[in-house]
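Novice: To be precise about what I am sending: the file is called final-v1.cif and holds mmCIF, C-alpha atoms (C1' of nucleotides).
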data_work
#
loop_
_atom_site.label_atom_id
_atom_site.label_comp_id
_atom_site.auth_asym_id
_atom_site.auth_seq_id
_atom_site.Cartn_x
_atom_site.Cartn_y
_atom_site.Cartn_z
CA MET A 1 10.52 -0.22 36.50
CA PRO A 2 7.64 -1.99 38.28
CA GLY A 3 4.18 -0.55 38.65
CA ALA A 4 4.73 2.08 36.02
CA ALA A 5 1.10 2.07 34.89
CA SER A 6 -0.10 4.51 37.55
CA PRO A 7 -3.24 6.55 36.98
CA PRO A 8 -2.50 10.14 36.02
CA ALA A 9 -0.87 11.52 39.14
CA PRO A 10 -2.76 14.52 40.48
CA PRO A 11 -0.89 17.80 40.71
CA PRO A 12 1.02 18.14 43.97
CA ALA A 13 -1.15 20.96 45.25
CA LEU A 14 -4.28 18.86 44.87
CA GLN A 15 -2.62 15.87 46.45
CA ALA A 16 -1.53 18.00 49.37
CA ALA A 17 -5.00 19.39 49.87
CA ALA A 18 -6.47 15.90 49.79
CA ASP A 19 -3.87 14.75 52.33
CA HIS A 20 -4.70 17.63 54.62
CA LEU A 21 -8.41 16.90 54.51
CA HIS A 22 -7.78 13.22 55.07
CA SER A 23 -5.57 13.83 58.06
CA ALA A 24 -7.86 16.44 59.56
CA ALA A 25 -10.84 14.11 59.31
CA ILE A 26 -8.94 11.27 60.97
CA HIS A 27 -7.80 13.37 63.87
CA LEU A 28 -11.14 15.07 64.30
CA LEU A 29 -12.97 11.77 64.57
CA ARG A 30 -10.41 10.29 66.91
CA THR A 31 -10.79 13.25 69.20
CA LEU A 32 -14.56 13.01 69.18
CA ARG A 33 -14.56 9.25 69.68
CA ARG A 34 -12.67 9.56 72.94
CA THR A 35 -15.55 11.49 74.43
CA ASP A 36 -18.33 9.01 73.80
CA ALA A 37 -17.32 5.83 75.55
CA ARG A 38 -20.00 6.49 78.16
CA LEU A 39 -22.84 6.53 75.64
CA GLY A 40 -23.06 2.82 74.87
CA VAL A 41 -23.98 3.53 71.25
CA GLY A 42 -21.22 3.37 68.71
CA PRO A 43 -20.58 5.99 66.05
CA ALA A 44 -21.85 3.83 63.20
CA GLN A 45 -25.12 3.24 65.01
CA LEU A 46 -25.46 6.88 65.83
CA SER A 47 -24.90 7.79 62.22
CA ALA A 48 -27.43 5.25 60.92
CA LEU A 49 -29.92 6.36 63.53
CA SER A 50 -29.54 9.93 62.44
CA VAL A 51 -30.53 8.95 58.91
CA LEU A 52 -33.72 7.42 60.30
CA VAL A 53 -34.45 10.37 62.56
CA PHE A 54 -33.73 13.18 60.15
CA GLY A 55 -34.38 11.40 56.87
CA GLY A 56 -37.33 9.22 57.84
CA PRO A 57 -37.98 5.46 57.75
CA ARG A 58 -36.39 3.37 55.06
CA SER A 59 -35.22 -0.11 54.14
CA ILE A 60 -31.97 -1.69 55.23
CA GLY A 61 -30.54 -1.51 51.75
CA ALA A 62 -31.42 2.16 51.50
CA LEU A 63 -29.78 2.76 54.86
CA ALA A 64 -26.67 0.94 53.70
CA ARG A 65 -26.47 3.13 50.61
CA ALA A 66 -27.00 6.28 52.66
CA GLU A 67 -24.25 5.23 55.03
CA GLN A 68 -21.90 3.96 52.34
CA VAL A 69 -21.67 0.58 53.92
CA ARG A 70 -22.39 -2.94 52.66
CA VAL A 71 -25.74 -4.52 53.34
CA PRO A 72 -24.48 -7.17 55.80
CA THR A 73 -22.82 -4.46 57.84
CA MET A 74 -26.06 -2.50 57.98
CA SER A 75 -28.02 -5.64 58.72
CA ARG A 76 -26.00 -6.10 61.87
CA LEU A 77 -26.18 -2.43 62.79
CA VAL A 78 -29.96 -2.32 62.61
CA ALA A 79 -30.23 -5.60 64.51
CA THR A 80 -28.38 -3.90 67.35
CA LEU A 81 -30.50 -0.78 67.10
CA GLU A 82 -33.58 -2.98 67.28
CA ARG A 83 -32.27 -4.99 70.20
CA ASP A 84 -31.59 -1.77 72.08
CA GLY A 85 -35.05 -0.41 71.36
CA LEU A 86 -33.76 2.48 69.28
CA ALA A 87 -35.46 1.43 66.06
CA THR A 88 -38.23 -0.93 64.96
CA ARG A 89 -38.56 -3.17 61.97
CA ALA A 90 -41.76 -3.45 59.94
CA ALA A 91 -42.58 -5.51 56.90
CA ASP A 92 -42.65 -3.60 53.65
CA PRO A 93 -46.22 -3.94 52.32
CA GLN A 94 -44.92 -3.60 48.77
CA ASP A 95 -42.11 -6.12 49.05
CA GLY A 96 -42.14 -9.24 51.16
CA ARG A 97 -38.36 -9.40 51.28
CA ALA A 98 -37.77 -5.92 52.58
CA SER A 99 -37.97 -4.44 56.06
CA ILE A 100 -38.65 -0.82 56.84
CA MET A 101 -36.67 0.56 59.75
CA ARG A 102 -38.06 3.38 61.81
CA ALA A 103 -36.53 5.25 64.76
CA THR A 104 -38.39 4.89 68.05
CA PHE A 105 -39.03 7.75 70.41
CA ARG A 106 -36.24 6.48 72.57
CA GLY A 107 -34.02 6.32 69.50
CA ARG A 108 -34.72 9.96 68.84
CA ARG A 109 -33.82 10.90 72.40
CA VAL A 110 -30.62 8.86 72.40
CA LEU A 111 -29.57 10.29 69.08
CA LEU A 112 -29.98 13.85 70.20
CA ARG A 113 -28.19 13.26 73.47
CA GLY A 114 -25.44 11.26 71.76
CA ARG A 115 -24.76 13.84 69.14
CA ALA A 116 -24.76 16.54 71.75
CA LEU A 117 -22.22 14.64 73.85
CA ARG A 118 -20.08 13.85 70.90
CA THR A 119 -19.99 17.29 69.47
CA ALA A 120 -20.18 19.31 72.68
CA GLU A 121 -16.45 19.52 72.99
CA LEU A 122 -16.18 20.46 69.34
CA ALA A 123 -18.87 23.10 69.71
CA ARG A 124 -16.99 24.48 72.70
CA ARG A 125 -13.84 24.88 70.65
CA LEU A 126 -15.74 26.34 67.75
CA ALA A 127 -17.07 28.95 70.14
CA ALA A 128 -13.55 30.23 70.64
CA LEU A 129 -13.12 30.87 66.95
CA PRO A 130 -13.73 34.19 65.25
CA PRO A 131 -17.11 34.07 63.51
CA ALA A 132 -15.53 34.28 60.08
CA GLU A 133 -13.54 31.12 60.64
CA ARG A 134 -16.53 29.37 62.10
CA THR A 135 -18.54 30.19 59.02
CA ALA A 136 -15.70 29.00 56.84
CA LEU A 137 -15.68 25.64 58.62
CA ASP A 138 -19.41 25.22 58.30
CA GLN A 139 -19.24 25.93 54.59
CA ALA A 140 -16.34 23.55 54.24
CA ALA A 141 -18.42 20.80 55.83
CA ALA A 142 -21.20 21.38 53.33
CA LEU A 143 -18.65 21.37 50.54
CA ILE A 144 -17.28 18.02 51.67
CA GLU A 145 -20.73 16.48 51.78
CA ARG A 146 -21.38 17.68 48.27
CA LEU A 147 -18.02 16.36 47.16
CA ILE A 148 -18.77 12.77 48.16
CA MET B 1 -37.30 15.56 85.02
CA PRO B 2 -34.28 13.23 84.91
CA GLY B 3 -30.84 14.26 83.80
CA ALA B 4 -31.52 17.94 84.15
CA ALA B 5 -27.93 18.73 85.13
CA SER B 6 -26.68 19.05 81.56
CA PRO B 7 -23.59 21.08 80.80
CA PRO B 8 -24.34 24.50 79.38
CA ALA B 9 -25.95 23.69 76.05
CA PRO B 10 -24.10 25.32 73.18
CA PRO B 11 -26.05 27.75 71.01
CA PRO B 12 -27.91 25.98 68.20
CA ALA B 13 -25.78 27.51 65.48
CA LEU B 14 -22.61 26.17 67.05
CA GLN B 15 -24.16 22.79 67.64
CA ALA B 16 -25.27 22.65 64.02
CA ALA B 17 -21.83 23.57 62.77
CA ALA B 18 -20.28 20.90 64.97
CA ASP B 19 -22.79 18.35 63.68
CA HIS B 20 -22.01 19.25 60.09
CA LEU B 21 -18.29 18.85 60.61
CA HIS B 22 -18.81 15.58 62.41
CA SER B 23 -21.01 14.17 59.71
CA ALA B 24 -18.77 15.38 56.91
CA ALA B 25 -15.73 13.78 58.50
CA ILE B 26 -17.54 10.46 58.95
CA HIS B 27 -18.71 10.32 55.37
CA LEU B 28 -15.42 11.47 53.97
CA LEU B 29 -13.49 8.74 55.75
CA ARG B 30 -16.01 6.09 54.86
CA THR B 31 -15.70 7.03 51.22
CA LEU B 32 -11.91 6.92 51.34
CA ARG B 33 -11.84 3.66 53.22
CA ARG B 34 -13.69 1.86 50.46
CA THR B 35 -10.83 2.53 48.09
CA ASP B 36 -8.00 1.04 50.07
CA ALA B 37 -8.89 -2.58 50.67
CA ARG B 38 -6.21 -3.58 48.18
CA LEU B 39 -3.41 -1.90 50.10
CA GLY B 40 -3.10 -4.31 53.02
CA VAL B 41 -2.25 -1.50 55.40
CA GLY B 42 -5.03 -0.09 57.50
CA PRO B 43 -5.72 3.61 58.00
CA ALA B 44 -4.42 3.66 61.57
CA GLN B 45 -1.12 2.15 60.48
CA LEU B 46 -0.85 4.52 57.58
CA SER B 47 -1.45 7.44 59.88
CA ALA B 48 1.12 6.29 62.43
CA LEU B 49 3.59 5.60 59.67
CA SER B 50 3.12 9.09 58.33
CA VAL B 51 4.14 10.51 61.70
CA LEU B 52 7.36 8.51 61.50
CA VAL B 53 8.03 9.47 57.91
CA PHE B 54 7.24 13.15 58.09
CA GLY B 55 7.92 13.77 61.76
CA GLY B 56 10.92 11.52 62.30
CA PRO B 57 11.66 8.62 64.67
CA ARG B 58 10.10 8.60 68.10
CA SER B 59 9.01 6.39 70.97
CA ILE B 60 5.80 4.41 71.12
CA GLY B 61 4.35 6.67 73.76
CA ALA B 62 5.15 9.74 71.70
CA LEU B 63 3.50 8.10 68.70
CA ALA B 64 0.43 7.31 70.77
CA ARG B 65 0.18 10.93 71.86
CA ALA B 66 0.62 12.16 68.30
CA GLU B 67 -2.10 9.83 67.12
CA GLN B 68 -4.43 10.43 70.05
CA VAL B 69 -4.55 6.77 70.87
CA ARG B 70 -3.78 4.80 74.05
CA VAL B 71 -0.38 3.22 74.45
CA PRO B 72 -1.56 -0.41 74.16
CA THR B 73 -3.25 0.43 70.88
CA MET B 74 -0.07 1.96 69.53
CA SER B 75 1.98 -0.94 70.86
CA ARG B 76 -0.04 -3.28 68.69
CA LEU B 77 0.07 -0.95 65.71
CA VAL B 78 3.84 -0.68 65.75
CA ALA B 79 4.19 -4.43 66.27
CA THR B 80 2.33 -4.88 63.00
CA LEU B 81 4.37 -2.21 61.24
CA GLU B 82 7.50 -3.98 62.45
CA ARG B 83 6.24 -7.41 61.39
CA ASP B 84 5.49 -6.03 57.93
CA GLY B 85 8.91 -4.44 57.61
CA LEU B 86 7.54 -0.91 57.48
CA ALA B 87 9.27 0.27 60.65
CA THR B 88 12.07 -0.84 62.92
CA ARG B 89 12.47 -0.76 66.66
CA ALA B 90 15.67 0.35 68.39
CA ALA B 91 16.53 0.61 72.06
CA ASP B 92 16.55 4.12 73.42
CA PRO B 93 20.12 4.76 74.64
CA GLN B 94 18.79 7.20 77.24
CA ASP B 95 16.04 4.98 78.60
CA GLY B 96 16.15 1.23 78.88
CA ARG B 97 12.37 0.96 78.94
CA ALA B 98 11.71 2.86 75.76
CA SER B 99 11.90 1.88 72.10
CA ILE B 100 12.49 4.25 69.25
CA MET B 101 10.48 3.51 66.14
CA ARG B 102 11.79 4.48 62.74
CA ALA B 103 10.23 4.10 59.30
CA THR B 104 12.10 1.84 56.92
CA PHE B 105 12.70 2.67 53.29
CA ARG B 106 9.95 0.27 52.39
CA GLY B 107 7.71 1.98 54.94
CA ARG B 108 8.34 5.27 53.21
CA ARG B 109 7.42 3.82 49.85
CA VAL B 110 4.27 2.13 51.13
CA LEU B 111 3.18 5.28 52.88
CA LEU B 112 3.51 7.40 49.80
CA ARG B 113 1.75 4.89 47.61
CA GLY B 114 -0.95 4.29 50.21
CA ARG B 115 -1.72 7.91 50.71
CA ALA B 116 -1.82 8.44 46.99
CA LEU B 117 -4.27 5.58 46.54
CA ARG B 118 -6.41 6.70 49.41
CA THR B 119 -6.62 10.29 48.42
CA ALA B 120 -6.46 9.94 44.65
CA GLU B 121 -10.21 9.82 44.33
CA LEU B 122 -10.52 12.78 46.64
CA ALA B 123 -7.92 14.72 44.69
CA ARG B 124 -9.81 13.94 41.52
CA ARG B 125 -12.99 15.40 42.93
CA LEU B 126 -11.14 18.39 44.28
CA ALA B 127 -9.88 19.01 40.79
CA ALA B 128 -13.44 19.62 39.65
CA LEU B 129 -13.91 22.38 42.18
CA PRO B 130 -13.39 26.06 41.46
CA PRO B 131 -10.03 27.12 42.89
CA ALA B 132 -11.63 29.35 45.49
CA GLU B 133 -13.52 26.46 47.01
CA ARG B 134 -10.47 24.25 46.89
CA THR B 135 -8.51 26.84 48.81
CA ALA B 136 -11.34 27.16 51.30
CA LEU B 137 -11.23 23.42 51.95
CA ASP B 138 -7.50 23.39 52.42
CA GLN B 139 -7.72 26.21 54.91
CA ALA B 140 -10.57 24.46 56.69
CA ALA B 141 -8.39 21.38 57.09
CA ALA B 142 -5.65 23.45 58.67
CA LEU B 143 -8.22 25.08 60.92
CA ILE B 144 -9.50 21.71 62.10
CA GLU B 145 -6.00 20.51 62.92
CA ARG B 146 -5.42 23.63 64.96
CA LEU B 147 -8.74 23.18 66.68
CA ILE B 148 -7.88 19.75 68.07
"C1'" DT C 1 -42.99 -22.70 34.77
"C1'" DG C 2 -38.27 -22.01 35.30
"C1'" DA C 3 -34.26 -18.82 35.60
"C1'" DT C 4 -32.54 -14.75 37.31
"C1'" DT C 5 -32.32 -10.87 40.21
"C1'" DT C 6 -32.94 -8.54 44.53
"C1'" DA C 7 -33.36 -8.03 49.87
"C1'" DG C 8 -31.68 -9.61 53.76
"C1'" DT C 9 -29.26 -12.90 57.10
"C1'" DT C 10 -25.53 -15.66 59.00
"C1'" DA C 11 -20.82 -17.01 59.65
"C1'" DG C 12 -16.32 -15.89 59.92
"C1'" DC C 13 -12.30 -12.82 59.37
"C1'" DA C 14 -9.48 -8.57 60.29
"C1'" DA C 15 -8.53 -3.82 61.94
"C1'" DC C 16 -8.72 -0.81 65.87
"C1'" DG C 17 -10.33 1.23 69.83
"C1'" DC C 18 -10.44 0.38 74.97
"C1'" DT C 19 -9.31 -1.23 80.11
"C1'" DA C 20 -7.00 -4.26 83.39
"C1'" DA C 21 -3.11 -6.48 84.83
"C1'" DC C 22 1.44 -7.26 84.34
"C1'" DT C 23 7.05 -6.61 83.81
"C1'" DA C 24 10.92 -3.90 84.03
"C1'" DA C 25 13.50 0.31 84.12
"C1'" DA C 26 13.95 4.96 86.11
"C1'" DT C 27 13.24 8.12 89.65
"C1'" DT C 28 12.19 9.79 94.20
"C1'" DA C 29 12.00 9.46 99.11
"C1'" DT C 30 13.58 7.67 103.26
"C1'" DA D 1 21.54 2.19 100.02
"C1'" DT D 2 17.13 0.68 99.86
"C1'" DA D 3 12.29 1.02 99.42
"C1'" DA D 4 8.35 3.17 97.14
"C1'" DT D 5 6.58 5.27 93.26
"C1'" DT D 6 6.31 6.50 88.58
"C1'" DT D 7 6.89 5.66 83.73
"C1'" DA D 8 7.34 2.76 79.22
"C1'" DG D 9 5.73 -0.91 77.19
"C1'" DT D 10 3.41 -5.61 76.62
"C1'" DT D 11 -0.22 -9.05 76.88
"C1'" DA D 12 -4.88 -10.63 77.32
"C1'" DG D 13 -9.40 -10.01 76.40
"C1'" DC D 14 -13.55 -7.46 74.94
"C1'" DG D 15 -16.68 -4.67 71.78
"C1'" DT D 16 -17.62 -2.22 67.45
"C1'" DT D 17 -17.38 -1.93 62.73
"C1'" DG D 18 -15.78 -2.95 58.25
"C1'" DC D 19 -15.57 -6.86 54.67
"C1'" DT D 20 -16.61 -11.31 51.65
"C1'" DA D 21 -18.80 -15.77 50.93
"C1'" DA D 22 -22.63 -18.50 51.13
"C1'" DC D 23 -27.16 -18.93 52.04
"C1'" DT D 24 -32.80 -18.22 52.05
"C1'" DA D 25 -36.73 -16.31 50.22
"C1'" DA D 26 -39.41 -13.12 47.57
"C1'" DA D 27 -39.95 -10.74 43.13
"C1'" DT D 28 -39.39 -10.43 38.37
"C1'" DC D 29 -38.34 -11.89 33.71
"C1'" DA D 30 -38.21 -15.20 29.83
#
How does the structure come out when it is put into structure tokens?
Specialist:
Amino acid sequence: MPGAASPPAPPPALQAAADHLHSAAIHLLRTLRRTDARLGVGPAQLSALSVLVFGGPRSIGALARAEQVRVPTMSRLVATLERDGLATRAADPQDGRASIMRATFRGRRVLLRGRALRTAELARRLAALPPAERTALDQAAALIERLI
Amino acid sequence: MPGAASPPAPPPALQAAADHLHSAAIHLLRTLRRTDARLGVGPAQLSALSVLVFGGPRSIGALARAEQVRVPTMSRLVATLERDGLATRAADPQDGRASIMRATFRGRRVLLRGRALRTAELARRLAALPPAERTALDQAAALIERLI
DNA sequence: TGATTTAGTTAGCAACGCTAACTAAATTAT
DNA sequence: ATAATTTAGTTAGCGTTGCTAACTAAATCA
């Protein structure tokens, strides 16, 4: 039979759990994406910007690693952020090749508003949940971040 | 001050929980996406195909609704699935405008293999978790699907 | 000094999301 | 019965976001 050299197949229960998480993440993001057409800042930019705002200034390569994206992808993302006045680029005094990106004040404002818009609907639905379930979801989110 | 007519701001705890979920979903999908370049079937196609495989044949509009995507987007997705021999199109006997999409045998195979590839790494990491946390994640996934 | 590595850019491709504008079939109203 | 409207789907065209390949230039190593 072809392709017999599969990696050790995970137990069905694990596979099912992984499928559920996968599917839930896809549908969650699709739902949220529909609400942010009016923002003019895409999700990838918002996410990169949030690293700068909450994590502080850093190089393009560091941003790419934080965002799990290749350097050319991040290079284009930060070019757009810069063009839109949401971040600035400064030479790294230690390394003539590197640039240090830093969120501008406007970047901070846009990030906060963007995240609020994007997650407002989600927050609204969370509000309808019993507190126990809400807590469970929050812990699950932390668990996922630790997992990856 | 400009833009004062915001919608009722959600309580900070809710907003934070929504942000965590949002961020976790983004990073989870980015991680998974890196592992499936070799498949040749994108995530949107895989997701649509899974509706056909697990949910049965249905029209393009129904698929679009299931996938929370506009009809033109789904029209292109199914055209690709059809071109690649993963699904077939049949006239709806009840409605001359509509097409019924159906997964082919090959579509079924590709879906199963694709999902396995995409979630294998995730399943592997889940395996390292204590069972209680694994259960919590699975329940969280179900909760998210219900939420949206 | 010369070779290699590292940081970033540019060019070009593909997947996917959207809206606008269209065709054609079905339905509703006159 | 016919005309108007609604519904299903397609096509065209745009923007964002991923990627690899190929490049420049600075830093580091031999």
Novice: Can you turn the PyMOL selection byres ((chain C and resi 19) around 12) into a concrete residue list for this file, as a list in words?
Specialist: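 So the PyMOL selection byres ((chain C and resi 19) around 12), applied here, picks out Ala37 of chain A; Arg70, Val71, Pro72 and Thr73 of chain B; DG17, DC18, DA20 and DA21 of chain C; DA12, DG13, DC14 and DG15 of chain D.
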Novice: Can you give me chain B superposed onto chain A, least-squares on all Cα in order, written as a CSV table (one decimal) with C-alpha atoms, in the coordinates of the input?
Specialist:
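Wrote part.csv, looks like this:
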chain,number,residue,atom,x,y,z
B,1,MET,CA,10.9,-0.1,36.9
B,2,PRO,CA,7.9,-2.0,38.5
B,3,GLY,CA,4.4,-0.6,38.8
B,4,ALA,CA,5.0,2.2,36.2
B,5,ALA,CA,1.4,2.1,35.0
B,6,SER,CA,0.1,4.5,37.7
B,7,PRO,CA,-3.0,6.5,37.1
B,8,PRO,CA,-2.4,10.1,36.1
B,9,ALA,CA,-0.8,11.5,39.2
B,10,PRO,CA,-2.7,14.5,40.5
B,11,PRO,CA,-0.9,17.8,40.7
B,12,PRO,CA,1.0,18.2,44.0
B,13,ALA,CA,-1.2,21.0,45.2
B,14,LEU,CA,-4.3,18.9,44.8
B,15,GLN,CA,-2.6,15.9,46.4
B,16,ALA,CA,-1.6,18.0,49.3
B,17,ALA,CA,-5.0,19.4,49.8
B,18,ALA,CA,-6.5,15.9,49.7
B,19,ASP,CA,-3.9,14.8,52.3
B,20,HIS,CA,-4.8,17.6,54.6
B,21,LEU,CA,-8.5,16.9,54.4
B,22,HIS,CA,-7.8,13.2,55.0
B,23,SER,CA,-5.6,13.8,58.0
B,24,ALA,CA,-7.9,16.4,59.5
B,25,ALA,CA,-10.9,14.1,59.2
B,26,ILE,CA,-9.0,11.3,60.9
B,27,HIS,CA,-7.8,13.4,63.8
B,28,LEU,CA,-11.2,15.0,64.2
B,29,LEU,CA,-13.0,11.7,64.5
B,30,ARG,CA,-10.4,10.3,66.8
B,31,THR,CA,-10.8,13.2,69.1
B,32,LEU,CA,-14.6,13.0,69.2
B,33,ARG,CA,-14.5,9.2,69.7
B,34,ARG,CA,-12.6,9.5,72.9
B,35,THR,CA,-15.5,11.4,74.4
B,36,ASP,CA,-18.3,9.0,73.8
B,37,ALA,CA,-17.3,5.8,75.5
B,38,ARG,CA,-20.0,6.4,78.1
B,39,LEU,CA,-22.8,6.5,75.6
B,40,GLY,CA,-23.0,2.8,74.8
B,41,VAL,CA,-23.9,3.5,71.2
B,42,GLY,CA,-21.2,3.4,68.6
B,43,PRO,CA,-20.6,6.1,66.0
B,44,ALA,CA,-21.9,3.9,63.1
B,45,GLN,CA,-25.1,3.3,65.0
B,46,LEU,CA,-25.5,6.9,65.8
B,47,SER,CA,-25.0,7.8,62.2
B,48,ALA,CA,-27.5,5.3,60.9
B,49,LEU,CA,-29.9,6.4,63.5
B,50,SER,CA,-29.6,10.0,62.5
B,51,VAL,CA,-30.6,9.0,58.9
B,52,LEU,CA,-33.8,7.4,60.4
B,53,VAL,CA,-34.5,10.4,62.6
B,54,PHE,CA,-33.8,13.2,60.2
B,55,GLY,CA,-34.5,11.4,56.9
B,56,GLY,CA,-37.4,9.2,57.9
B,57,PRO,CA,-38.0,5.5,57.8
B,58,ARG,CA,-36.5,3.4,55.1
B,59,SER,CA,-35.3,-0.1,54.2
B,60,ILE,CA,-32.0,-1.6,55.2
B,61,GLY,CA,-30.6,-1.4,51.8
B,62,ALA,CA,-31.5,2.2,51.5
B,63,LEU,CA,-29.8,2.8,54.9
B,64,ALA,CA,-26.7,1.0,53.7
B,65,ARG,CA,-26.6,3.2,50.6
B,66,ALA,CA,-27.1,6.4,52.7
B,67,GLU,CA,-24.3,5.3,55.0
B,68,GLN,CA,-22.0,4.1,52.3
B,69,VAL,CA,-21.7,0.7,53.9
B,70,ARG,CA,-22.4,-2.8,52.6
B,71,VAL,CA,-25.8,-4.4,53.3
B,72,PRO,CA,-24.5,-7.1,55.7
B,73,THR,CA,-22.9,-4.4,57.8
B,74,MET,CA,-26.1,-2.4,57.9
B,75,SER,CA,-28.0,-5.6,58.7
B,76,ARG,CA,-26.0,-6.1,61.8
B,77,LEU,CA,-26.2,-2.4,62.7
B,78,VAL,CA,-29.9,-2.3,62.6
B,79,ALA,CA,-30.2,-5.6,64.5
B,80,THR,CA,-28.3,-3.9,67.3
B,81,LEU,CA,-30.5,-0.8,67.1
B,82,GLU,CA,-33.5,-3.0,67.3
B,83,ARG,CA,-32.2,-5.0,70.2
B,84,ASP,CA,-31.5,-1.8,72.1
B,85,GLY,CA,-35.0,-0.5,71.4
B,86,LEU,CA,-33.7,2.4,69.3
B,87,ALA,CA,-35.4,1.4,66.1
B,88,THR,CA,-38.2,-1.0,65.0
B,89,ARG,CA,-38.6,-3.2,62.0
B,90,ALA,CA,-41.8,-3.5,60.0
B,91,ALA,CA,-42.6,-5.5,56.9
B,92,ASP,CA,-42.7,-3.6,53.7
B,93,PRO,CA,-46.3,-3.9,52.4
B,94,GLN,CA,-45.0,-3.6,48.8
B,95,ASP,CA,-42.2,-6.1,49.1
B,96,GLY,CA,-42.2,-9.2,51.2
B,97,ARG,CA,-38.4,-9.3,51.2
B,98,ALA,CA,-37.8,-5.9,52.6
B,99,SER,CA,-38.0,-4.4,56.1
B,100,ILE,CA,-38.7,-0.8,56.9
B,101,MET,CA,-36.7,0.6,59.8
B,102,ARG,CA,-38.1,3.4,61.9
B,103,ALA,CA,-36.5,5.2,64.8
B,104,THR,CA,-38.4,4.8,68.1
B,105,PHE,CA,-39.0,7.7,70.5
B,106,ARG,CA,-36.2,6.4,72.6
B,107,GLY,CA,-34.0,6.3,69.5
B,108,ARG,CA,-34.7,9.9,68.9
B,109,ARG,CA,-33.8,10.9,72.4
B,110,VAL,CA,-30.6,8.8,72.4
B,111,LEU,CA,-29.6,10.3,69.1
B,112,LEU,CA,-30.0,13.8,70.3
B,113,ARG,CA,-28.2,13.2,73.5
B,114,GLY,CA,-25.4,11.3,71.8
B,115,ARG,CA,-24.8,13.8,69.2
B,116,ALA,CA,-24.7,16.5,71.8
B,117,LEU,CA,-22.2,14.6,73.9
B,118,ARG,CA,-20.1,13.8,70.9
B,119,THR,CA,-20.0,17.3,69.5
B,120,ALA,CA,-20.1,19.3,72.7
B,121,GLU,CA,-16.4,19.5,72.9
B,122,LEU,CA,-16.2,20.4,69.3
B,123,ALA,CA,-18.8,23.1,69.7
B,124,ARG,CA,-16.9,24.4,72.6
B,125,ARG,CA,-13.8,24.8,70.6
B,126,LEU,CA,-15.7,26.3,67.7
B,127,ALA,CA,-17.0,28.9,70.1
B,128,ALA,CA,-13.5,30.2,70.6
B,129,LEU,CA,-13.1,30.8,66.9
B,130,PRO,CA,-13.7,34.2,65.2
B,131,PRO,CA,-17.1,34.0,63.5
B,132,ALA,CA,-15.6,34.3,60.1
B,133,GLU,CA,-13.6,31.1,60.6
B,134,ARG,CA,-16.5,29.3,62.1
B,135,THR,CA,-18.6,30.2,59.0
B,136,ALA,CA,-15.7,29.0,56.8
B,137,LEU,CA,-15.7,25.6,58.6
B,138,ASP,CA,-19.4,25.2,58.3
B,139,GLN,CA,-19.3,25.9,54.6
B,140,ALA,CA,-16.4,23.5,54.2
B,141,ALA,CA,-18.5,20.8,55.8
B,142,ALA,CA,-21.2,21.4,53.3
B,143,LEU,CA,-18.7,21.3,50.5
B,144,ILE,CA,-17.3,18.0,51.6
B,145,GLU,CA,-20.8,16.4,51.7
B,146,ARG,CA,-21.4,17.6,48.2
B,147,LEU,CA,-18.1,16.3,47.1
B,148,ILE,CA,-18.8,12.7,48.1
Novice: What does the structure give for the distance between atom CA of Arg113 of chain B and atom CA of Val41 of chain B, in Å to one decimal?
Specialist: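 These atoms are spaced 10.8 Å apart.
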Novice: If you apply the PyMOL selection byres ((chain D and resi 6) around 12) to this file, what residues do you get, as number ranges by chain?
Specialist: C: 25-28; D: 4-5, 7-8
Novice: Which residues would end up in the selection if the PyMOL selection byres ((chain B) within 9 of (chain C)) were applied here, given that I need the answer as a PDB file with C-alpha atoms, in the coordinates of the input?
Specialist:
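Generated file (part02.pdb):
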ATOM      1  CA  GLY B  42      -5.030  -0.090  57.500  1.00  0.00           C
ATOM      2  CA  PRO B  43      -5.720   3.610  58.000  1.00  0.00           C
ATOM      3  CA  ALA B  44      -4.420   3.660  61.570  1.00  0.00           C
ATOM      4  CA  VAL B  69      -4.550   6.770  70.870  1.00  0.00           C
ATOM      5  CA  ARG B  70      -3.780   4.800  74.050  1.00  0.00           C
ATOM      6  CA  PRO B  72      -1.560  -0.410  74.160  1.00  0.00           C
ATOM      7  CA  THR B  73      -3.250   0.430  70.880  1.00  0.00           C
ATOM      8  CA  LEU B  77       0.070  -0.950  65.710  1.00  0.00           C
ATOM      9  CA  ASP B  95      16.040   4.980  78.600  1.00  0.00           C
ATOM     10  CA  GLY B  96      16.150   1.230  78.880  1.00  0.00           C
ATOM     11  CA  ARG B  97      12.370   0.960  78.940  1.00  0.00           C
ATOM     12  CA  ALA B  98      11.710   2.860  75.760  1.00  0.00           C
TER      13      ALA B  98
END
Novice: Report the distance between atom CA of Leu49 of chain A and atom CA of Leu86 of chain A in Å, rounded to one decimal place.
Specialist: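 It comes out at 7.9 Å.
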Novice: Report the distance between atom CA of Ile144 of chain B and atom CA of Leu28 of chain A in Å, rounded to one decimal place.
Specialist: 7.2 Å
Novice: Counting all atoms listed in the file, write as a PyMOL selection string all protein and nucleic acid residues lying at most 12 Å from (5.2, 2.2, 48.5) in the file's frame.
Specialist: (chain A and resi 2-3) or (chain B and resi 39-41+46+49+85-86+104-117)
Novice: Which is closest to chain A among B:Ala66, B:Leu14, B:Leu129, B:Val53, if we use all atoms listed in the file?
Specialist: B:Leu14
Novice: Within 10 Å of chain B, which residues of chain D are there when counting all atoms listed in the file? Please give them as a list in words.
Specialist: DT7, DA8, DG9, DT10, DT11, DG18 and DC19 of chain D
Novice: Which residues come within 9 Å of Arg134 of chain A, counting only C-alpha atoms (C1' of nucleotides), excluding same-chain residues fewer than 6 positions away, as a compact mmCIF listing (two decimals) with C-alpha atoms, keeping the file's coordinate frame?
Specialist:
# COMPACT_ATOMS: atom_id res chain seq x y z
CA LEU A 126 -15.74 26.34 67.75
CA ALA A 127 -17.07 28.95 70.14
CA LEU B 14 -22.61 26.17 67.05
CA ALA B 17 -21.83 23.57 62.77
